[in-house]
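The data block below is model-v5.cif; it holds mmCIF, C-alpha atoms.
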data_start
loop_
_atom_site.label_atom_id
_atom_site.label_comp_id
_atom_site.auth_asym_id
_atom_site.auth_seq_id
_atom_site.Cartn_x
_atom_site.Cartn_y
_atom_site.Cartn_z
CA MET A 129 0.00 0.00 0.00
CA PRO A 130 1.19 3.58 -0.60
CA THR A 131 3.42 5.09 2.09
CA LYS A 132 1.32 8.28 2.07
CA ILE A 133 -1.40 6.63 4.18
CA LYS A 134 -1.67 8.45 7.51
CA ILE A 135 -4.82 7.00 9.06
CA ILE A 136 -6.17 3.46 9.09
CA ALA A 137 -9.85 3.16 9.91
CA PHE A 138 -11.34 -0.13 11.10
CA ASP A 139 -14.94 -1.22 10.93
CA ALA A 140 -16.02 -2.80 14.22
CA ASP A 141 -18.80 -5.39 13.83
CA ASP A 142 -17.50 -8.55 12.13
CA THR A 143 -14.11 -6.93 11.55
CA LEU A 144 -12.85 -6.47 15.11
CA TRP A 145 -15.39 -8.68 16.87
CA ASP A 146 -18.17 -11.16 16.08
CA ASN A 147 -21.62 -9.68 15.57
CA GLU A 148 -23.78 -10.94 12.70
CA LEU A 149 -23.80 -14.55 13.84
CA TYR A 150 -25.56 -13.44 17.05
CA PHE A 151 -28.20 -11.62 15.01
CA GLN A 152 -28.75 -14.71 12.88
CA GLU A 153 -29.18 -16.84 16.00
CA ALA A 154 -31.86 -14.40 17.24
CA GLU A 155 -33.51 -14.35 13.82
CA LYS A 156 -33.71 -18.15 13.81
CA LYS A 157 -35.53 -18.07 17.16
CA PHE A 158 -37.87 -15.40 15.80
CA CYS A 159 -38.68 -17.46 12.70
CA GLU A 160 -39.34 -20.54 14.81
CA LEU A 161 -41.63 -18.49 17.05
CA LEU A 162 -43.85 -17.55 14.09
CA GLU A 163 -43.71 -20.75 12.04
CA ASP A 164 -47.37 -21.50 12.85
CA PHE A 165 -48.23 -18.51 10.64
CA LEU A 166 -45.66 -18.76 7.83
CA PRO A 167 -42.72 -21.01 6.88
CA GLN A 168 -39.48 -19.96 8.54
CA HIS A 169 -37.80 -18.86 5.29
CA THR A 170 -40.80 -16.64 4.52
CA VAL A 171 -40.70 -15.08 7.99
CA SER A 172 -37.00 -14.36 7.45
CA ARG A 173 -37.73 -12.65 4.12
CA GLU A 174 -40.52 -10.58 5.66
CA LEU A 175 -38.23 -9.49 8.49
CA LEU A 176 -35.50 -8.39 6.06
CA GLN A 177 -38.00 -6.29 4.13
CA THR A 178 -39.13 -4.64 7.37
CA GLU A 179 -35.55 -3.96 8.45
CA ILE A 180 -34.63 -2.33 5.14
CA LYS A 181 -37.79 -0.20 5.21
CA ASN A 182 -37.02 0.96 8.74
CA ILE A 183 -33.35 1.88 8.30
CA SER A 184 -34.21 5.50 7.57
CA LEU A 185 -36.33 5.62 10.74
CA TYR A 186 -34.35 3.59 13.26
CA GLY A 187 -30.88 3.22 11.76
CA TYR A 188 -28.92 0.08 12.58
CA GLY A 189 -28.41 -1.97 15.71
CA ILE A 190 -30.17 -4.23 18.17
CA LYS A 191 -32.97 -1.85 19.15
CA ALA A 192 -33.85 -1.28 15.50
CA PHE A 193 -33.81 -5.06 15.02
CA MET A 194 -36.18 -5.57 17.98
CA LEU A 195 -38.66 -3.01 16.63
CA SER A 196 -38.55 -4.58 13.18
CA MET A 197 -39.19 -8.04 14.64
CA ILE A 198 -42.22 -6.76 16.57
CA GLU A 199 -43.58 -4.96 13.49
CA THR A 200 -43.10 -8.06 11.35
CA ALA A 201 -44.85 -10.23 13.93
CA ILE A 202 -47.83 -7.87 13.99
CA ARG A 203 -48.07 -7.98 10.20
CA ILE A 204 -47.59 -11.74 9.84
CA THR A 205 -50.21 -12.54 12.49
CA ASP A 206 -52.64 -9.98 11.07
CA LYS A 207 -52.46 -8.05 14.37
CA ASN A 208 -53.18 -11.16 16.43
CA VAL A 209 -49.75 -11.37 18.00
CA THR A 210 -50.01 -12.09 21.73
CA SER A 211 -48.35 -10.11 24.48
CA GLY A 212 -46.42 -13.26 25.36
CA THR A 213 -44.96 -13.39 21.86
CA VAL A 214 -43.96 -9.73 22.01
CA GLU A 215 -42.34 -10.38 25.37
CA LYS A 216 -40.31 -13.22 23.86
CA ILE A 217 -39.19 -10.99 20.97
CA ILE A 218 -38.04 -8.31 23.41
CA GLY A 219 -36.18 -11.05 25.25
CA PHE A 220 -34.35 -12.00 22.04
CA GLY A 221 -33.14 -8.40 21.75
CA GLN A 222 -32.13 -8.18 25.39
CA GLU A 223 -30.10 -11.37 25.00
CA LEU A 224 -28.25 -9.71 22.12
CA LEU A 225 -27.50 -6.65 24.23
CA ASP A 226 -26.01 -8.88 26.91
CA LYS A 227 -23.76 -10.91 24.60
CA PRO A 228 -20.02 -10.92 25.37
CA VAL A 229 -17.69 -9.23 22.91
CA GLN A 230 -15.61 -11.93 21.23
CA LEU A 231 -12.59 -10.50 19.42
CA ILE A 232 -11.73 -11.99 16.06
CA ASP A 233 -8.44 -13.87 16.15
CA GLY A 234 -5.44 -11.62 15.56
CA VAL A 235 -7.18 -8.28 16.08
CA GLU A 236 -5.22 -7.07 19.09
CA ASP A 237 -1.86 -8.13 17.61
CA VAL A 238 -2.62 -6.19 14.43
CA LEU A 239 -3.70 -3.07 16.31
CA LYS A 240 -0.58 -3.16 18.47
CA SER A 241 1.64 -3.42 15.41
CA LEU A 242 -0.07 -0.68 13.38
CA LYS A 243 -0.44 1.80 16.24
CA THR A 244 3.32 2.42 16.19
CA LYS A 245 3.19 3.57 12.53
CA TYR A 246 -0.26 5.07 11.92
CA ARG A 247 -3.11 6.86 13.61
CA LEU A 248 -5.90 4.34 14.05
CA VAL A 249 -9.61 5.12 13.93
CA MET A 250 -12.65 2.98 14.61
CA ALA A 251 -15.31 3.90 12.03
CA THR A 252 -18.50 1.92 12.47
CA LYS A 253 -22.23 2.36 12.09
CA GLY A 254 -24.97 1.37 14.46
CA ASP A 255 -26.65 2.42 17.68
CA LEU A 256 -24.47 4.81 19.68
CA LEU A 257 -25.02 3.25 23.11
CA ASP A 258 -24.65 -0.30 21.82
CA GLN A 259 -21.43 0.40 19.94
CA GLU A 260 -19.96 2.29 22.89
CA ARG A 261 -20.87 -0.67 25.12
CA LYS A 262 -19.14 -3.13 22.79
CA LEU A 263 -16.03 -0.96 22.48
CA LYS A 264 -15.78 -0.77 26.27
CA LYS A 265 -16.23 -4.53 26.63
CA SER A 266 -13.65 -5.17 23.92
CA LYS A 267 -10.94 -3.23 25.80
CA LEU A 268 -9.64 -1.96 22.45
CA ALA A 269 -10.33 1.76 22.99
CA GLU A 270 -6.71 2.49 23.90
CA TYR A 271 -5.59 1.71 20.36
CA PHE A 272 -7.76 4.30 18.65
CA HIS A 273 -6.93 7.95 18.11
CA HIS A 274 -10.59 8.62 17.31
CA THR A 275 -13.89 6.72 17.34
CA GLU A 276 -16.62 7.56 14.82
CA ILE A 277 -20.04 5.94 15.21
CA MET A 278 -22.01 6.75 12.07
CA SER A 279 -25.69 6.49 11.27
CA GLU A 280 -24.70 5.52 7.72
CA LYS A 281 -21.55 4.74 5.77
CA LYS A 282 -21.85 6.53 2.48
CA GLU A 283 -19.44 8.74 0.57
CA ALA A 284 -20.65 11.90 2.32
CA ASP A 285 -20.14 10.26 5.73
CA PHE A 286 -16.54 9.36 4.94
CA GLU A 287 -15.90 12.82 3.48
CA LYS A 288 -17.12 14.29 6.77
CA LEU A 289 -14.76 11.97 8.67
CA ILE A 290 -11.84 12.99 6.48
CA ARG A 291 -12.52 16.67 7.12
CA HIS A 292 -12.68 16.00 10.85
CA LEU A 293 -9.35 14.15 10.75
CA ASP A 294 -7.79 16.92 8.59
CA ILE A 295 -6.39 14.56 5.96
CA LYS A 296 -6.82 13.94 2.24
CA ALA A 297 -8.91 11.01 1.02
CA SER A 298 -5.76 9.45 -0.44
CA GLU A 299 -4.28 9.33 3.09
CA LEU A 300 -7.10 7.12 4.45
CA LEU A 301 -7.19 3.33 4.42
CA MET A 302 -10.45 1.64 5.46
CA ILE A 303 -10.44 -1.99 6.64
CA GLY A 304 -13.74 -3.84 6.95
CA ASN A 305 -15.88 -6.84 6.16
CA SER A 306 -18.52 -5.10 4.04
CA ILE A 307 -17.76 -4.24 0.42
CA LYS A 308 -20.92 -2.15 0.28
CA SER A 309 -20.43 -0.08 3.44
CA ASP A 310 -16.72 -0.15 4.23
CA ILE A 311 -14.92 -0.34 0.91
CA LEU A 312 -16.81 1.10 -2.07
CA PRO A 313 -17.61 4.52 -0.52
CA VAL A 314 -13.95 5.04 0.44
CA LEU A 315 -12.64 3.96 -2.97
CA ASN A 316 -15.15 6.28 -4.65
CA ILE A 317 -13.77 9.34 -2.86
CA GLY A 318 -10.12 8.47 -3.55
CA GLY A 319 -9.18 6.45 -0.48
CA HIS A 320 -7.90 2.90 -0.03
CA GLY A 321 -9.68 -0.23 1.15
CA ILE A 322 -8.84 -3.69 2.42
CA HIS A 323 -11.71 -6.16 2.53
CA ILE A 324 -11.71 -9.01 5.05
CA PRO A 325 -14.70 -11.28 4.37
CA TYR A 326 -16.61 -12.53 7.39
CA HIS A 327 -18.20 -15.98 7.22
CA VAL A 328 -21.69 -14.57 7.89
CA THR A 329 -23.02 -11.45 6.16
CA TRP A 330 -26.36 -9.67 6.57
CA ALA A 331 -28.24 -9.84 3.26
CA HIS A 332 -28.55 -6.04 3.10
CA GLU A 333 -24.74 -5.67 3.18
CA LYS A 334 -23.98 -8.07 0.34
CA ALA A 335 -22.46 -6.66 -2.84
CA GLU A 336 -21.92 -9.01 -5.74
CA THR A 337 -20.01 -6.64 -8.04
CA PRO A 338 -16.31 -7.59 -8.34
CA ILE A 339 -13.87 -4.76 -7.62
CA HIS A 340 -11.01 -3.92 -9.96
CA HIS A 341 -9.31 -0.90 -8.40
CA GLU A 342 -5.67 -0.08 -7.78
CA ASN A 343 -6.46 1.03 -4.21
CA PHE A 344 -8.24 -2.20 -3.29
CA ARG A 345 -6.96 -5.35 -1.61
CA GLN A 346 -8.71 -8.41 -0.22
CA VAL A 347 -7.26 -10.67 2.45
CA GLU A 348 -8.51 -13.79 4.21
CA ARG A 349 -7.65 -12.85 7.82
CA ILE A 350 -6.99 -9.62 9.66
CA ARG A 351 -3.39 -10.64 10.31
CA ASP A 352 -2.83 -10.58 6.54
CA VAL A 353 -3.19 -6.79 6.39
CA LEU A 354 0.31 -6.57 7.88
CA ASN A 355 1.65 -7.90 4.58
CA TYR A 356 0.67 -4.59 2.98
CA LEU A 357 1.45 -2.14 5.80
#

Mind turning the file's structure into structure tokens?
Amino acid sequence: MPTKIKIIAFDADDTLWDNELYFQEAEKKFCELLEDFLPQHTVSRELLQTEIKNISLYGYGIKAFMLSMIETAIRITDKNVTSGTVEKIIGFGQELLDKPVQLIDGVEDVLKSLKTKYRLVMATKGDLLDQERKLKKSKLAEYFHHTEIMSEKKEADFEKLIRHLDIKASELLMIGNSIKSDILPVLNIGGHGIHIPYHVTWAHEKAETPIHHENFRQVERIRDVLNYL
């Protein structure tokens, strides 16, 4: 990677620590809960549609997920959802909020190595309180010069971050598991991106378009980024 890079930004969920697999476990319980009304795969599809519709209202995160599950249950049951079912759905969300933060293998070693050469930033989207909670549990805060919790990750959001950090786009490298949210917006404004695929990806974050860009790299594990930096 070019030596002119000054700041390396890391996505958090499914880049620094596990996240999506917990959501999928909760979704499976939700689909099983409503299988008397619709097949589980249909419930899952209905939930995804509700989540996407509600992003502009609730943003991302566990609380938005809980509200979308409740709304989906009301629709699927034709407003006949019981209070007991709603209580169980809330319980699924509360279990998510109480999950431990499990670091992905190699994360802390990589942060220790890169901190001596670059300014490190955590740039993630999601619910502010939830992401702050996970960062605190992770014990990784000491490695980051700055933490940015965004409501969205689009080109304008990264341009705002760049202005705040007082750097050029070409001096930013973004590392993350989502091509759609972490990589493409940064490449489009002139920055650099390293994609680390995670074994589970939320359907809304999937991007099928192959990337052919001189500022793009893809690695299998987070430790592999050290081969370029």

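Applied to the file shown here, the PyMOL selection byres ((chain A and resi 160-170) around 10) selects A:Ala154, A:Glu155, A:Lys156, A:Lys157, A:Phe158, A:Cys159, A:Val171, A:Ser172, A:Arg173, A:Glu174, A:Leu175, A:Leu176, A:Thr200, A:Ala201, A:Ile204, A:Thr205, A:Asp206, A:Val209, A:Thr213, A:Lys216, A:Ile217.
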
Task: Evaluate the PyMOL selection byres ((chain A and resi 341) around 12) and report residues as a ChimeraX atom specification - done: /A:311-312,314-316,318-322,338-340,342-346

If you keep C-alpha atoms, can you produce a file of those selected residues as a PDB file, keeping the file's coordinate frame?
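The resulting file, again-v3.pdb, is reproduced below:
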ATOM      1  CA  ILE A 311     -14.920  -0.340   0.910  1.00  0.00           C
ATOM      2  CA  LEU A 312     -16.810   1.100  -2.070  1.00  0.00           C
ATOM      3  CA  VAL A 314     -13.950   5.040   0.440  1.00  0.00           C
ATOM      4  CA  LEU A 315     -12.640   3.960  -2.970  1.00  0.00           C
ATOM      5  CA  ASN A 316     -15.150   6.280  -4.650  1.00  0.00           C
ATOM      6  CA  GLY A 318     -10.120   8.470  -3.550  1.00  0.00           C
ATOM      7  CA  GLY A 319      -9.180   6.450  -0.480  1.00  0.00           C
ATOM      8  CA  HIS A 320      -7.900   2.900  -0.030  1.00  0.00           C
ATOM      9  CA  GLY A 321      -9.680  -0.230   1.150  1.00  0.00           C
ATOM     10  CA  ILE A 322      -8.840  -3.690   2.420  1.00  0.00           C
ATOM     11  CA  PRO A 338     -16.310  -7.590  -8.340  1.00  0.00           C
ATOM     12  CA  ILE A 339     -13.870  -4.760  -7.620  1.00  0.00           C
ATOM     13  CA  HIS A 340     -11.010  -3.920  -9.960  1.00  0.00           C
ATOM     14  CA  GLU A 342      -5.670  -0.080  -7.780  1.00  0.00           C
ATOM     15  CA  ASN A 343      -6.460   1.030  -4.210  1.00  0.00           C
ATOM     16  CA  PHE A 344      -8.240  -2.200  -3.290  1.00  0.00           C
ATOM     17  CA  ARG A 345      -6.960  -5.350  -1.610  1.00  0.00           C
ATOM     18  CA  GLN A 346      -8.710  -8.410  -0.220  1.00  0.00           C
TER      19      GLN A 346
END

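For the pair CA of Leu354 in chain A and CA of Val238 in chain A, the separation is 7.2 Å.
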
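In this model, the gap between CA of Ile135 in chain A and CA of Tyr246 in chain A comes to 5.7 Å.
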
Task: A:Glu148, A:Asp139, A:Asp294, A:Asp285 ranked by distance to Gly189 in chain A, top pick (using all atoms listed in the file) - done: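 Closest to Gly189 in chain A, using all atoms listed in the file: A:Glu148.
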
Task: Distance in Å - CA of Ile202 in chain A versus CA of Leu149 in chain A - done: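 For CA of Ile202 in chain A relative to CA of Leu149 in chain A, the distance reads 24.9 Å.
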
Task: Counting all atoms listed in the file, the option among A:Tyr150, A:Tyr271, A:Phe138, A:Trp145 closest to Ser309 in chain A - done: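 Using all atoms listed in the file, Ser309 in chain A sits closest to A:Phe138.
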
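A cut-off of 9 Å from the point (-24.7, -6.2, 26.5), with all atoms listed in the file, picks out the residues Gln222, Glu223, Leu224, Leu225, Asp226, Lys227, Pro228, Val229, Asp258, Arg261, Lys262 and Lys265 of chain A.
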
Would you kindly place N, CA, C and O atoms on range 267-283 of chain A and return the model as a CSV table (one decimal), in the frame of the given file?
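Resulting contents of selection.csv:
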chain,number,residue,atom,x,y,z
A,267,LYS,N,-12.2,-3.7,25.3
A,267,LYS,CA,-10.9,-3.2,25.8
A,267,LYS,C,-9.9,-2.8,24.7
A,267,LYS,O,-8.7,-2.9,24.9
A,268,LEU,N,-10.5,-2.4,23.6
A,268,LEU,CA,-9.6,-2.0,22.4
A,268,LEU,C,-9.5,-0.4,22.3
A,268,LEU,O,-8.8,0.1,21.5
A,269,ALA,N,-10.3,0.3,23.2
A,269,ALA,CA,-10.3,1.8,23.0
A,269,ALA,C,-9.0,2.4,23.0
A,269,ALA,O,-8.7,3.4,22.3
A,270,GLU,N,-8.0,1.9,23.8
A,270,GLU,CA,-6.7,2.5,23.9
A,270,GLU,C,-5.9,2.6,22.6
A,270,GLU,O,-5.0,3.3,22.4
A,271,TYR,N,-6.3,1.7,21.6
A,271,TYR,CA,-5.6,1.7,20.4
A,271,TYR,C,-6.0,2.8,19.4
A,271,TYR,O,-5.4,3.0,18.4
A,272,PHE,N,-7.2,3.4,19.6
A,272,PHE,CA,-7.8,4.3,18.6
A,272,PHE,C,-7.6,5.8,19.0
A,272,PHE,O,-7.9,6.2,20.1
A,273,HIS,N,-7.1,6.5,18.0
A,273,HIS,CA,-6.9,8.0,18.1
A,273,HIS,C,-8.3,8.6,18.1
A,273,HIS,O,-8.5,9.7,18.8
A,274,HIS,N,-9.3,8.0,17.4
A,274,HIS,CA,-10.6,8.6,17.3
A,274,HIS,C,-11.6,7.5,17.1
A,274,HIS,O,-11.3,6.5,16.4
A,275,THR,N,-12.8,7.7,17.6
A,275,THR,CA,-13.9,6.7,17.3
A,275,THR,C,-15.1,7.5,16.7
A,275,THR,O,-15.5,8.5,17.2
A,276,GLU,N,-15.5,7.0,15.5
A,276,GLU,CA,-16.6,7.6,14.8
A,276,GLU,C,-17.7,6.5,14.7
A,276,GLU,O,-17.6,5.5,14.0
A,277,ILE,N,-18.9,6.8,15.3
A,277,ILE,CA,-20.0,5.9,15.2
A,277,ILE,C,-21.1,6.6,14.3
A,277,ILE,O,-21.6,7.7,14.7
A,278,MET,N,-21.2,6.1,13.1
A,278,MET,CA,-22.0,6.8,12.1
A,278,MET,C,-23.4,6.2,12.0
A,278,MET,O,-23.7,5.0,12.3
A,279,SER,N,-24.3,7.0,11.5
A,279,SER,CA,-25.7,6.5,11.3
A,279,SER,C,-25.7,5.8,9.9
A,279,SER,O,-26.5,4.9,9.7
A,280,GLU,N,-24.8,6.2,9.0
A,280,GLU,CA,-24.7,5.5,7.7
A,280,GLU,C,-23.2,5.6,7.3
A,280,GLU,O,-22.4,6.3,7.9
A,281,LYS,N,-22.9,4.7,6.3
A,281,LYS,CA,-21.6,4.7,5.8
A,281,LYS,C,-21.6,4.9,4.3
A,281,LYS,O,-21.6,4.0,3.5
A,282,LYS,N,-21.8,6.2,3.9
A,282,LYS,CA,-21.8,6.5,2.5
A,282,LYS,C,-20.7,7.5,2.2
A,282,LYS,O,-20.0,7.9,3.1
A,283,GLU,N,-20.6,7.9,0.9
A,283,GLU,CA,-19.4,8.7,0.6
A,283,GLU,C,-19.4,10.0,1.4
A,283,GLU,O,-18.4,10.5,1.9
